[in-house]
Each structure stands twice: as structure tokens, then as C-alpha cells.
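Novice: Okay, so here is entry-v8.json, and as you'll see once you scroll down, it has JSON, C-alpha atoms.
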```
[["chain", "number", "residue", "atom", "x", "y", "z"],
["H", 27, "MET", "CA", 33.13, 14.79, -14.64],
["H", 28, "HIS", "CA", 34.23, 18.35, -13.73],
["H", 29, "ILE", "CA", 34.48, 17.24, -10.09],
["H", 30, "ILE", "CA", 36.93, 14.49, -11.07],
["H", 31, "ASN", "CA", 39.05, 16.97, -13.04],
["H", 32, "LYS", "CA", 39.22, 19.30, -10.04],
["H", 33, "ILE", "CA", 40.35, 16.44, -7.84],
["H", 34, "LYS", "CA", 43.06, 15.54, -10.38],
["H", 35, "ILE", "CA", 44.35, 19.16, -10.41],
["H", 36, "LEU", "CA", 44.40, 19.34, -6.62],
["H", 37, "LEU", "CA", 46.26, 16.04, -6.39],
["H", 38, "ARG", "CA", 48.80, 17.14, -9.00],
["H", 39, "LYS", "CA", 49.42, 20.34, -7.03],
["H", 40, "LYS", "CA", 49.78, 18.34, -3.86],
["H", 41, "GLY", "CA", 52.22, 16.02, -5.58],
["H", 42, "ARG", "CA", 54.37, 18.92, -6.86],
["H", 43, "ILE", "CA", 54.57, 20.50, -3.41],
["H", 44, "VAL", "CA", 55.56, 17.20, -1.86],
["H", 45, "ASN", "CA", 58.11, 16.39, -4.55],
["H", 46, "LYS", "CA", 59.66, 19.90, -4.35],
["H", 47, "HIS", "CA", 60.13, 20.12, -0.60],
["H", 48, "ILE", "CA", 60.43, 16.55, 0.76],
["H", 49, "ILE", "CA", 61.07, 14.42, -2.29],
["H", 50, "TYR", "CA", 63.81, 12.48, -0.56],
["H", 51, "SER", "CA", 61.68, 11.70, 2.49],
["H", 52, "ASN", "CA", 60.31, 8.16, 2.92],
["H", 53, "HIS", "CA", 57.31, 9.66, 4.67],
["H", 54, "CYS", "CA", 56.60, 11.75, 1.58],
["H", 55, "ILE", "CA", 56.69, 8.69, -0.67],
["H", 56, "TYR", "CA", 54.24, 6.88, 1.61],
["H", 57, "LEU", "CA", 51.94, 9.93, 1.78],
["H", 58, "ASN", "CA", 51.96, 10.38, -1.97],
["H", 59, "PHE", "CA", 51.13, 6.68, -2.47],
["H", 60, "LYS", "CA", 48.31, 6.84, 0.08],
["H", 61, "ILE", "CA", 46.75, 9.87, -1.61],
["H", 62, "LYS", "CA", 46.76, 8.08, -4.95],
["H", 63, "ILE", "CA", 45.00, 5.07, -3.45],
["H", 64, "ILE", "CA", 42.31, 7.28, -1.91],
["H", 65, "TYR", "CA", 41.90, 9.10, -5.21],
["H", 66, "PHE", "CA", 41.51, 5.92, -7.25],
["H", 67, "ALA", "CA", 39.06, 4.44, -4.74],
["H", 68, "PHE", "CA", 36.96, 7.61, -4.85],
["H", 69, "LEU", "CA", 37.18, 7.74, -8.65],
["H", 70, "ILE", "CA", 36.01, 4.14, -9.06],
["H", 71, "ASN", "CA", 33.13, 4.68, -6.63],
["H", 72, "LEU", "CA", 32.06, 7.88, -8.38],
["H", 73, "ILE", "CA", 32.19, 6.31, -11.82],
["H", 74, "SER", "CA", 30.24, 3.24, -10.57],
["H", 75, "CYS", "CA", 27.51, 5.43, -9.07],
["H", 76, "ASP", "CA", 27.31, 7.51, -12.24],
["H", 77, "LYS", "CA", 27.08, 4.37, -14.37],
["H", 78, "LEU", "CA", 24.40, 2.89, -12.11],
["H", 79, "ALA", "CA", 22.34, 6.05, -12.36],
["H", 80, "THR", "CA", 22.43, 6.22, -16.14],
["H", 81, "ASN", "CA", 22.66, 2.58, -17.19],
["H", 82, "ASN", "CA", 20.10, 1.68, -19.90],
["H", 83, "GLN", "CA", 18.42, 5.08, -19.35],
["H", 84, "GLU", "CA", 16.41, 3.62, -16.48],
["H", 85, "VAL", "CA", 16.60, 6.77, -14.37],
["H", 86, "ILE", "CA", 13.33, 8.73, -14.20],
["H", 87, "ALA", "CA", 14.15, 11.36, -11.60],
["H", 88, "ARG", "CA", 16.83, 12.39, -9.15],
["H", 89, "VAL", "CA", 16.83, 14.05, -5.74],
["H", 90, "GLY", "CA", 20.36, 14.76, -4.60],
["H", 91, "THR", "CA", 22.21, 11.46, -4.80],
["H", 92, "GLU", "CA", 19.07, 9.32, -4.88],
["H", 93, "TYR", "CA", 17.49, 8.07, -8.09],
["H", 94, "LEU", "CA", 14.06, 6.89, -9.15],
["H", 95, "TYR", "CA", 14.27, 4.07, -11.68],
["H", 96, "ARG", "CA", 11.78, 3.12, -14.37],
["H", 97, "LYS", "CA", 11.18, -0.27, -12.74],
["H", 98, "GLU", "CA", 9.55, 1.53, -9.80],
["H", 99, "LEU", "CA", 6.81, 2.73, -12.15],
["H", 100, "GLU", "CA", 5.89, -0.89, -12.89],
["H", 101, "LYS", "CA", 4.14, -0.95, -9.52],
["H", 102, "ILE", "CA", 1.41, 1.41, -10.74],
["H", 103, "LYS", "CA", 1.15, 0.54, -14.44],
["H", 104, "ASN", "CA", -1.77, -1.87, -13.91],
["H", 105, "ILE", "CA", -4.04, 0.81, -12.44],
["H", 106, "TYR", "CA", -4.09, 3.07, -15.47],
["H", 107, "GLU", "CA", -7.51, 3.59, -17.03],
["H", 108, "ASN", "CA", -6.33, 5.36, -20.20],
["H", 109, "GLU", "CA", -3.35, 7.26, -21.60],
["H", 110, "SER", "CA", -4.18, 10.60, -19.99],
["H", 111, "ASP", "CA", -4.79, 8.81, -16.69],
["H", 112, "SER", "CA", -1.43, 7.09, -17.12],
["H", 113, "ILE", "CA", 0.41, 10.40, -17.59],
["H", 114, "LEU", "CA", -1.30, 12.00, -14.60],
["H", 115, "LYS", "CA", -0.71, 9.09, -12.23],
["H", 116, "THR", "CA", 2.89, 8.68, -13.35],
["H", 117, "ARG", "CA", 3.61, 12.36, -12.72],
["H", 118, "ASN", "CA", 1.86, 12.19, -9.34],
["H", 119, "PHE", "CA", 3.92, 9.12, -8.42],
["H", 120, "ILE", "CA", 7.18, 10.86, -9.37],
["H", 121, "ASP", "CA", 6.23, 14.07, -7.54],
["H", 122, "SER", "CA", 5.24, 12.09, -4.47],
["H", 123, "TRP", "CA", 8.55, 10.19, -4.52],
["H", 124, "ALA", "CA", 10.53, 13.46, -4.83],
["H", 125, "ARG", "CA", 8.49, 15.20, -2.13],
["H", 126, "ASN", "CA", 9.05, 12.33, 0.32],
["H", 127, "LYS", "CA", 12.79, 12.26, -0.38],
["H", 128, "LEU", "CA", 13.12, 16.04, -0.01],
["H", 129, "LEU", "CA", 11.15, 16.12, 3.23],
["H", 130, "LEU", "CA", 13.25, 13.30, 4.64],
["H", 131, "GLN", "CA", 16.49, 14.99, 3.67],
["H", 132, "LYS", "CA", 15.37, 18.35, 5.09],
["H", 133, "ALA", "CA", 14.22, 16.68, 8.31],
["H", 134, "GLN", "CA", 17.52, 14.83, 8.74],
["H", 135, "VAL", "CA", 19.44, 18.08, 8.34],
["H", 136, "ASN", "CA", 17.23, 20.52, 10.25],
["H", 137, "LEU", "CA", 15.59, 18.56, 13.07],
["H", 138, "PRO", "CA", 17.33, 18.59, 16.47],
["H", 139, "ASP", "CA", 19.38, 15.48, 17.23],
["H", 140, "ASP", "CA", 17.06, 14.51, 20.09],
["H", 141, "ASN", "CA", 14.06, 14.54, 17.75],
["H", 142, "ILE", "CA", 15.89, 12.44, 15.18],
["H", 143, "ASP", "CA", 16.93, 9.91, 17.82],
["H", 144, "ASN", "CA", 13.36, 9.61, 19.08],
["H", 145, "LEU", "CA", 12.01, 9.19, 15.55],
["H", 146, "LEU", "CA", 14.58, 6.52, 14.73],
["H", 147, "GLN", "CA", 13.57, 4.64, 17.88],
["H", 148, "LEU", "CA", 9.91, 4.84, 16.83],
["H", 149, "VAL", "CA", 10.76, 3.61, 13.33],
["H", 150, "GLU", "CA", 12.73, 0.68, 14.75],
["H", 151, "GLN", "CA", 9.93, -0.21, 17.18],
["H", 152, "TYR", "CA", 7.39, -0.03, 14.34],
["H", 153, "ARG", "CA", 9.60, -2.34, 12.30],
["H", 154, "PHE", "CA", 9.67, -4.87, 15.16],
["H", 155, "ASP", "CA", 5.90, -4.62, 15.61],
["H", 156, "LEU", "CA", 5.17, -4.89, 11.89],
["H", 157, "PHE", "CA", 7.29, -7.98, 11.28],
["H", 158, "GLY", "CA", 6.42, -9.58, 14.62],
["H", 159, "ASN", "CA", 2.67, -9.14, 14.21],
["H", 160, "ALA", "CA", 2.74, -10.35, 10.60],
["H", 161, "TYR", "CA", 4.64, -13.49, 11.59],
["H", 162, "THR", "CA", 2.38, -14.16, 14.58],
["H", 163, "GLN", "CA", -0.70, -13.75, 12.37],
["H", 164, "VAL", "CA", 0.61, -16.27, 9.84],
["H", 165, "VAL", "CA", 1.36, -18.82, 12.56],
["H", 166, "ALA", "CA", -1.96, -18.15, 14.31],
["H", 167, "ASN", "CA", -3.99, -18.57, 11.11],
["H", 168, "LYS", "CA", -2.35, -21.95, 10.52],
["H", 169, "SER", "CA", -2.68, -23.14, 14.11],
["H", 170, "ILE", "CA", -6.03, -21.87, 15.40],
["H", 171, "ASP", "CA", -9.27, -23.76, 14.88],
["H", 172, "THR", "CA", -11.57, -21.23, 13.18],
["H", 173, "ILE", "CA", -14.76, -23.29, 13.56],
["H", 174, "ILE", "CA", -17.10, -21.84, 16.20],
["H", 175, "SER", "CA", -19.82, -24.26, 17.28],
["H", 176, "LYS", "CA", -23.48, -23.31, 17.83],
["H", 177, "ASN", "CA", -23.10, -24.33, 21.45],
["H", 178, "GLU", "CA", -20.26, -21.84, 21.94],
["H", 179, "ILE", "CA", -22.40, -19.10, 20.39],
["H", 180, "ASP", "CA", -25.35, -19.95, 22.64],
["H", 181, "ILE", "CA", -23.20, -19.96, 25.78],
["H", 182, "PHE", "CA", -21.62, -16.61, 24.91],
["H", 183, "LEU", "CA", -25.01, -15.07, 24.06],
["H", 184, "ASN", "CA", -26.56, -16.28, 27.33],
["H", 185, "GLU", "CA", -23.64, -14.92, 29.35],
["H", 186, "ASN", "CA", -23.61, -11.56, 27.58],
["H", 187, "LYS", "CA", -27.24, -10.74, 26.83],
["H", 188, "GLU", "CA", -26.88, -7.12, 27.84],
["H", 189, "ILE", "CA", -24.36, -6.56, 25.05],
["H", 190, "PHE", "CA", -26.86, -7.67, 22.44],
["H", 191, "LYS", "CA", -29.89, -5.61, 23.40],
["H", 192, "LEU", "CA", -31.32, -3.92, 20.31],
["H", 193, "LYS", "CA", -30.94, -0.16, 20.01],
["H", 194, "ALA", "CA", -33.62, -0.14, 17.29],
["H", 195, "PRO", "CA", -36.41, -2.56, 16.24],
["H", 196, "LEU", "CA", -35.98, -5.20, 13.54],
["H", 197, "TYR", "CA", -38.51, -6.60, 11.06],
["H", 198, "LYS", "CA", -39.15, -9.59, 8.80],
["H", 199, "VAL", "CA", -41.42, -8.56, 5.95],
["H", 200, "ARG", "CA", -42.93, -9.49, 2.61],
["H", 201, "TYR", "CA", -43.71, -6.74, 0.13],
["H", 202, "ILE", "CA", -44.71, -6.37, -3.51],
["H", 203, "HIS", "CA", -45.40, -3.15, -5.39],
["H", 204, "LEU", "CA", -47.47, -3.82, -8.55],
["H", 205, "PRO", "CA", -48.62, -1.55, -11.37],
["H", 206, "SER", "CA", -52.35, -0.87, -11.08],
["H", 207, "ASP", "CA", -53.09, -2.60, -14.40],
["H", 208, "ASN", "CA", -51.29, -5.86, -13.61],
["H", 209, "VAL", "CA", -53.39, -8.74, -14.99],
["H", 210, "ASP", "CA", -52.09, -11.34, -12.51],
["H", 211, "GLN", "CA", -52.94, -9.25, -9.48],
["H", 212, "ASP", "CA", -55.42, -11.68, -7.87],
["H", 213, "GLU", "CA", -53.15, -14.73, -8.24],
["H", 214, "ILE", "CA", -50.19, -12.77, -6.95],
["H", 215, "GLN", "CA", -52.15, -11.63, -3.90],
["H", 216, "PHE", "CA", -53.36, -15.17, -3.15],
["H", 217, "SER", "CA", -49.82, -16.61, -3.35],
["H", 218, "PHE", "CA", -48.44, -13.68, -1.40],
["H", 219, "GLN", "CA", -50.78, -14.35, 1.52],
["H", 220, "ARG", "CA", -50.49, -18.15, 1.55],
["H", 221, "PHE", "CA", -46.75, -18.17, 0.70],
["H", 222, "ASN", "CA", -45.89, -21.88, 0.63],
["H", 223, "LYS", "CA", -42.97, -23.20, -1.44],
["H", 224, "ASP", "CA", -44.98, -23.33, -4.65],
["H", 225, "ASP", "CA", -46.23, -19.82, -4.02],
["H", 226, "GLN", "CA", -42.69, -18.59, -3.49],
["H", 227, "LEU", "CA", -41.59, -20.09, -6.81],
["H", 228, "PHE", "CA", -44.61, -18.61, -8.55],
["H", 229, "LEU", "CA", -44.05, -15.14, -7.11],
["H", 230, "ASP", "CA", -40.38, -15.26, -7.96],
["H", 231, "SER", "CA", -41.15, -16.23, -11.56],
["H", 232, "LEU", "CA", -43.27, -13.07, -11.96],
["H", 233, "SER", "CA", -40.80, -10.71, -10.29],
["H", 234, "PHE", "CA", -40.14, -8.96, -13.62],
["H", 235, "GLN", "CA", -43.69, -7.54, -13.35],
["H", 236, "TYR", "CA", -43.09, -5.87, -9.98],
["H", 237, "VAL", "CA", -42.02, -2.29, -9.43],
["H", 238, "LYS", "CA", -40.30, -3.37, -6.22],
["H", 239, "TYR", "CA", -40.43, -6.37, -3.91],
["H", 240, "ILE", "CA", -39.12, -8.12, -0.80],
["H", 241, "LEU", "CA", -39.77, -11.87, -0.78],
["H", 242, "SER", "CA", -36.99, -13.00, 1.59],
["H", 243, "ASP", "CA", -39.05, -12.78, 4.77],
["H", 244, "SER", "CA", -36.46, -14.73, 6.78],
["H", 245, "ILE", "CA", -34.06, -11.78, 6.80],
["H", 246, "TRP", "CA", -34.18, -9.14, 9.53],
["H", 247, "ILE", "CA", -34.13, -5.52, 8.36],
["H", 248, "ASN", "CA", -34.07, -2.28, 10.35],
["H", 249, "ARG", "CA", -36.54, 0.61, 10.33],
["H", 250, "SER", "CA", -34.65, 2.84, 7.92],
["H", 251, "THR", "CA", -34.27, 0.04, 5.38],
["H", 252, "LEU", "CA", -37.94, -0.83, 5.69],
["H", 253, "LYS", "CA", -39.03, 2.77, 5.08],
["H", 254, "SER", "CA", -36.69, 3.15, 2.11],
["H", 255, "GLN", "CA", -37.87, -0.10, 0.47],
["H", 256, "VAL", "CA", -41.63, 0.12, 1.10],
["H", 257, "ARG", "CA", -42.85, 3.11, -0.87],
["H", 258, "PHE", "CA", -46.12, 3.88, 0.86],
["H", 259, "LEU", "CA", -44.64, 3.91, 4.37],
["H", 260, "ASN", "CA", -43.88, 7.25, 6.00],
["H", 261, "GLN", "CA", -43.49, 8.78, 9.44],
["H", 262, "ASN", "CA", -47.23, 9.38, 9.80],
["H", 263, "ASN", "CA", -48.56, 5.93, 8.88],
["H", 264, "PHE", "CA", -45.66, 3.71, 10.01],
["H", 265, "ASP", "CA", -47.26, 2.50, 13.25],
["H", 266, "LYS", "CA", -50.59, 1.93, 11.49],
["H", 267, "TYR", "CA", -49.21, -0.58, 8.98],
["H", 268, "VAL", "CA", -46.22, -2.09, 10.77],
["H", 269, "LYS", "CA", -48.04, -4.71, 12.84],
["H", 270, "LYS", "CA", -47.00, -8.32, 13.34],
["H", 271, "SER", "CA", -48.91, -10.95, 11.31],
["H", 272, "LYS", "CA", -51.11, -8.35, 9.61],
["H", 273, "PHE", "CA", -51.67, -8.28, 5.85],
["H", 274, "PHE", "CA", -52.35, -4.99, 4.08],
["H", 275, "LYS", "CA", -53.34, -4.14, 0.52],
["H", 276, "ILE", "CA", -52.94, -0.46, -0.27],
["H", 277, "GLU", "CA", -53.74, 1.29, -3.54],
["H", 278, "ASP", "CA", -52.82, 4.75, -4.77],
["H", 279, "ARG", "CA", -52.04, 6.50, -8.05],
["H", 280, "LEU", "CA", -48.60, 4.80, -8.16],
["H", 281, "GLY", "CA", -49.95, 1.24, -7.98],
["H", 282, "VAL", "CA", -50.95, -1.58, -5.64],
["H", 283, "TYR", "CA", -48.94, -2.56, -2.54],
["H", 284, "LEU", "CA", -49.08, -5.95, -0.84],
["H", 285, "PHE", "CA", -47.52, -5.81, 2.62],
["H", 286, "PHE", "CA", -47.09, -8.32, 5.44],
["H", 287, "ILE", "CA", -45.03, -8.21, 8.67],
["H", 288, "LYS", "CA", -44.01, -11.77, 9.46],
["H", 289, "ASP", "CA", -42.16, -10.90, 12.67],
["H", 290, "LEU", "CA", -40.72, -7.97, 14.60],
["H", 291, "ILE", "CA", -38.46, -7.40, 17.59],
["H", 292, "GLU", "CA", -38.77, -4.23, 19.62],
["H", 293, "LYS", "CA", -36.02, -1.92, 20.76],
["H", 294, "GLY", "CA", -34.44, -3.19, 24.00],
["H", 295, "ASP", "CA", -35.12, -6.86, 23.21],
["H", 296, "ILE", "CA", -32.24, -9.30, 22.77],
["H", 297, "ALA", "CA", -31.07, -9.48, 19.17],
["H", 298, "PRO", "CA", -31.93, -12.77, 17.44],
["H", 299, "LYS", "CA", -29.09, -15.26, 17.13],
["H", 300, "GLU", "CA", -29.01, -15.03, 13.35],
["H", 301, "VAL", "CA", -28.25, -11.32, 13.71],
["H", 302, "SER", "CA", -25.72, -11.54, 16.55],
["H", 303, "SER", "CA", -24.01, -14.84, 15.62],
["H", 304, "ALA", "CA", -21.57, -13.23, 13.14],
["H", 305, "THR", "CA", -20.45, -10.73, 15.79],
["H", 306, "ILE", "CA", -20.15, -13.47, 18.40],
["H", 307, "LYS", "CA", -18.05, -15.62, 16.07],
["H", 308, "ASN", "CA", -15.63, -12.73, 15.53],
["H", 309, "ILE", "CA", -15.38, -12.08, 19.27],
["H", 310, "LEU", "CA", -14.70, -15.74, 20.07],
["H", 311, "LEU", "CA", -12.19, -16.06, 17.24],
["H", 312, "ASN", "CA", -10.33, -12.95, 18.38],
["H", 313, "GLN", "CA", -10.25, -14.32, 21.92],
["H", 314, "ARG", "CA", -8.64, -17.51, 20.59],
["H", 315, "LYS", "CA", -6.08, -15.51, 18.62],
["H", 316, "LEU", "CA", -5.23, -13.35, 21.62],
["H", 317, "LYS", "CA", -4.79, -16.40, 23.85],
["H", 318, "PHE", "CA", -2.65, -18.12, 21.20],
["H", 319, "THR", "CA", -0.50, -14.99, 20.69],
["H", 320, "LYS", "CA", 0.28, -14.64, 24.40],
["H", 321, "GLN", "CA", 1.25, -18.30, 24.66],
["H", 322, "PHE", "CA", 3.22, -18.19, 21.42],
["H", 323, "GLU", "CA", 5.30, -15.24, 22.65],
["H", 324, "LYS", "CA", 6.01, -17.04, 25.93],
["H", 325, "ASP", "CA", 7.03, -20.20, 24.04],
["H", 326, "ILE", "CA", 9.41, -18.29, 21.75],
["H", 327, "LEU", "CA", 11.17, -16.75, 24.75],
["H", 328, "GLN", "CA", 11.35, -20.06, 26.61],
["H", 329, "ASP", "CA", 12.70, -21.92, 23.56],
["H", 330, "ALA", "CA", 15.40, -19.26, 23.11],
["H", 331, "ILE", "CA", 16.43, -19.60, 26.77],
["H", 332, "GLU", "CA", 16.59, -23.40, 26.58],
["H", 333, "SER", "CA", 18.62, -23.34, 23.35],
["H", 334, "LYS", "CA", 20.99, -20.68, 24.76],
["H", 335, "THR", "CA", 19.96, -18.33, 21.95],
["H", 336, "TYR", "CA", 18.79, -15.82, 24.55],
["H", 337, "GLU", "CA", 20.91, -15.13, 27.59],
["H", 338, "ILE", "CA", 20.96, -12.37, 30.20],
["H", 339, "TYR", "CA", 24.39, -11.38, 31.53]]
```
Take the structure I supplied and represent it as C-alpha cells, if you would.
Specialist:
Amino acid sequence: MHIINKIKILLRKKGRIVNKHIIYSNHCIYLNFKIKIIYFAFLINLISCDKLATNNQEVIARVGTEYLYRKELEKIKNIYENESDSILKTRNFIDSWARNKLLLQKAQVNLPDDNIDNLLQLVEQYRFDLFGNAYTQVVANKSIDTIISKNEIDIFLNENKEIFKLKAPLYKVRYIHLPSDNVDQDEIQFSFQRFNKDDQLFLDSLSFQYVKYILSDSIWINRSTLKSQVRFLNQNNFDKYVKKSKFFKIEDRLGVYLFFIKDLIEKGDIAPKEVSSATIKNILLNQRKLKFTKQFEKDILQDAIESKTYEIY
């Protein structure tokens, strides 16, 4: 309020000078009237801003003429874990808000005009890209057929085999690690080796007895996963036990291991379709989106030209 009082004093002084020297001048009367209008407009604006900043005690922080309101904190209230976490995150949020405002204000004052102009152009271009890409994505997601047929996958795989050569071998395995004193050991081994549907159900029903196991032998796993899951495997014996269609029973002080390699694919071979199909689907879907986006942008421009919304002079 002290600013308002200073303005009042200055205006009163200005009025006395005017009234003393040119009180009978029409120009003076007009000038005096104009000053009063400017004063009242400024006063109303200042009071409105002050009221906005303090209304209902919603203001949390201030940087210059910019205010942080309590409602902004609602955005982070749902991520609090406890009261101390709430205090810390709230303070961090406020400090971050103030730091960003101060940096922006300092940059606007101290950066060269050329830098500011370039940054504003980048901001505007980013705005166009952000809104444009978001809108195109929404339209594309509604318009594009996302179903990729098996035939499309096969065609793409056959035409791009080199892309899908394995950089490391893959394996399909069965594995059970049992305690040495397990009473169902013989039945488990028999079902493990035969492994029909009944055997699979039986083995699964006893899984609580196993130290560790892999019974999904239709899933491809890599070398590092295999070594981490199968306890007895190491760098020295890996090649000895990792052989296709070979069953091994190994015993040591930690228990009994039943191990079987159902299938393997060597490094340099073409990746199986079940491994590469997800990647191929993404590639084909992205190709569709790219094609749609290019056509969509052309159609928007053409529609604007035909409707006279877009004209070049």
C-alpha cells in the first residue's frame, strides 16, 4: 500500500503545480483529468492483483509478481507415502517452482536478444510439434488397423532374415532342483522324462517341494538366464551338459538336479518366429503409422486449400 500512497502524493503535487501555473488553461484541465484516469486504472489493477494473490490465503510462495497457489500442490498430494515424505516433497516442489521462475526471469533479463529470439522460436516449434504429433497419434490410433496377420509376419521375416540372425544361442529346457531326501524323487524323475500332459500336471502339483524349477519348455531363454537358473551349470561344464535331447541327473551336496534340453538354436541362426514376431509386429505397425501420418498431413493441407482456409498470396 505504500506504493499507492507515494503515487497519490506525486499526483497531488502534480495537480498543485498545474493548478498554480496554468489553472485557466483548457489543456491543463484535460491533462489533469487524464492523469486521474490513469491513476484510477492503475490503482484498480494493483488492488485486483493484490486481492488475487491473497484471496482465501491460497498463496504458498511468491517470486516477483508471480504466485504459487495451494491448488498447484494438489497435483502431488497423491504421491505422499507419509507425513514426513509429504513435507519433503512439498518443499521440493515449491523450491523447484521458485528455481524455475527465477532462472526464467534471469534469462529473460540477461540473455542477448538474439538468444532469446532463437529460444522463443524453438519453444514455438516445439509447441507445434507437441500438439501436432499428439493429434496425429490420436487420429492414427483410431484409423489404423492394428491386427498383423501371420502371413505378413512370415513375408517380412523371409525378406529380412539377415536382421534376425541370433547374436547368441537360445534354449528350451526343463529343469528341477530337488532336496536329496525328497520321497517322490523316482516318480518325479519318471514324469520329468516322459512329460505328457498328465505328467505336467503331476509335476506342477508338487512344485512346492522343489528348490527351483523350469517346466515351461516351450519358452526360449538365453545363455545367461540358463546359467543363472540352473544351479549346477558353470563355465567349465556348460558344453558338457547343454546338449539337445539329452537328459541328465546330477547329484551333489545341495541336492538332485533333473535337466533336459528340449531344443537349442546356435548363434548366427535365424531367430524363431515366436521370438521375432513381437519385433516384426512393431515394425509393421510403425510402418503403417508412418504411411498414414504422411497421407494425413497431405490431406489436411489439401482440404485447407480446397476450403480456402489456406491461401498463398
Novice: For Leu259 in chain H, which of H:Tyr201, H:Asp289, H:Ile338, H:Lys193 is the closest residue, counting all atoms listed in the file?
Specialist: H:Tyr201
Novice: Pick from H:Leu94, H:Val237, H:Leu252, H:Val149: nearest to Pro205 in chain H, with all atoms listed in the file counted?
Specialist: H:Val237
Novice: Provide the CA of Asp329 in chain H to CA of Gln147 in chain H distance in Å, to one decimal place.
Specialist: 27.2 Å
Novice: Using all atoms of range 206-219 of chain H that appear in the file, construct an axis-aligned enclosing box with 4 Å of padding on every side and provide its centre coordinates and edge lengths in Å, rounded to one decimal, as lines of an AutoDock Vina configuration file.
Specialist:
```
center_x = -51.9
center_y = -8.7
center_z = -6.7
size_x = 15.0
size_y = 23.7
size_z = 24.5
```
Novice: Which residues of range 71-177 of chain H come within 7 Å of range 303-317 of chain H, and what is each one's closest atom pair and distance in Å (one decimal), counting only C-alpha atoms, sorted by chain and residue number, as a Markdown table?
Specialist:
```
| residue | atom | partner | partner_atom | distance |
| --- | --- | --- | --- | --- |
| H:Ala166 | CA | H:Lys315 | CA | 6.5 |
| H:Thr172 | CA | H:Leu311 | CA | 6.6 |
| H:Ile174 | CA | H:Lys307 | CA | 6.3 |
```
Novice: Pick from H:Ile113, H:Leu290, H:Ile326, H:Ile276: nearest to Ser206 in chain H, with only C-alpha atoms counted?
Specialist: H:Ile276
Novice: What lies within 12 Å of Ile102 in chain H using only C-alpha atoms, ignoring chain neighbours under 4 positions off, as a compact mmCIF listing (two decimals) with C-alpha atoms, in the coordinates of the input?
Specialist:
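Result written to result25.txt:
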```txt
# COMPACT_ATOMS: atom_id res chain seq x y z
CA ARG H 96 11.78 3.12 -14.37
CA LYS H 97 11.18 -0.27 -12.74
CA GLU H 98 9.55 1.53 -9.80
CA TYR H 106 -4.09 3.07 -15.47
CA GLU H 107 -7.51 3.59 -17.03
CA ASP H 111 -4.79 8.81 -16.69
CA SER H 112 -1.43 7.09 -17.12
CA ILE H 113 0.41 10.40 -17.59
CA LEU H 114 -1.30 12.00 -14.60
CA LYS H 115 -0.71 9.09 -12.23
CA THR H 116 2.89 8.68 -13.35
CA ARG H 117 3.61 12.36 -12.72
CA ASN H 118 1.86 12.19 -9.34
CA PHE H 119 3.92 9.12 -8.42
CA ILE H 120 7.18 10.86 -9.37
```
Novice: Which neighbours of Gln255 in chain H fall inside 9 Å, counting all atoms listed in the file, when residues of the same chain fewer than 2 positions from it are skipped, and could you give them as a ChimeraX atom specification?
Specialist: /H:201,238-240,250-253,257,259
Novice: Between H:Ile331, H:Asn126, H:His203, H:Leu280, which is the closest to Ser233 in chain H once you count all atoms listed in the file?
Specialist: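 Closest candidate: H:His203.
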Novice: Counting only C-alpha atoms, which residues come within 8 Å of (-57.1, 0.3, -9.8), with the point read in the file's coordinates, and could you list them as a PyMOL selection string?
Specialist: chain H and resi 206-207+277-278+281-282
Novice: With distances taken over only C-alpha atoms, which residue among H:Lys299, H:Lys187, H:Lys293, H:Arg200 lies nearest Lys270 in chain H?
Specialist: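 Selected residue with least distance to Lys270 in chain H: H:Arg200.
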Novice: At what distance in Å, to one decimal, does CA of Asp295 in chain H lie from CA of Asn177 in chain H?
Specialist: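 Distance reported for this atom pair: 21.3 Å.
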Novice: Rounded to one decimal in Å, what is the spacing between CA of Leu192 in chain H and CA of Ile245 in chain H?
Specialist: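 Spanning CA of Leu192 in chain H to CA of Ile245 in chain H is a straight-line distance of 15.9 Å.
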Novice: For Ser217 in chain H, which residue out of H:Ile189, H:Ala194, H:Leu284, H:Ala124 is the nearest one, using only C-alpha atoms?
Specialist: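 Looking only at the distances to Ser217 in chain H, the closest residue turns out to be H:Leu284.
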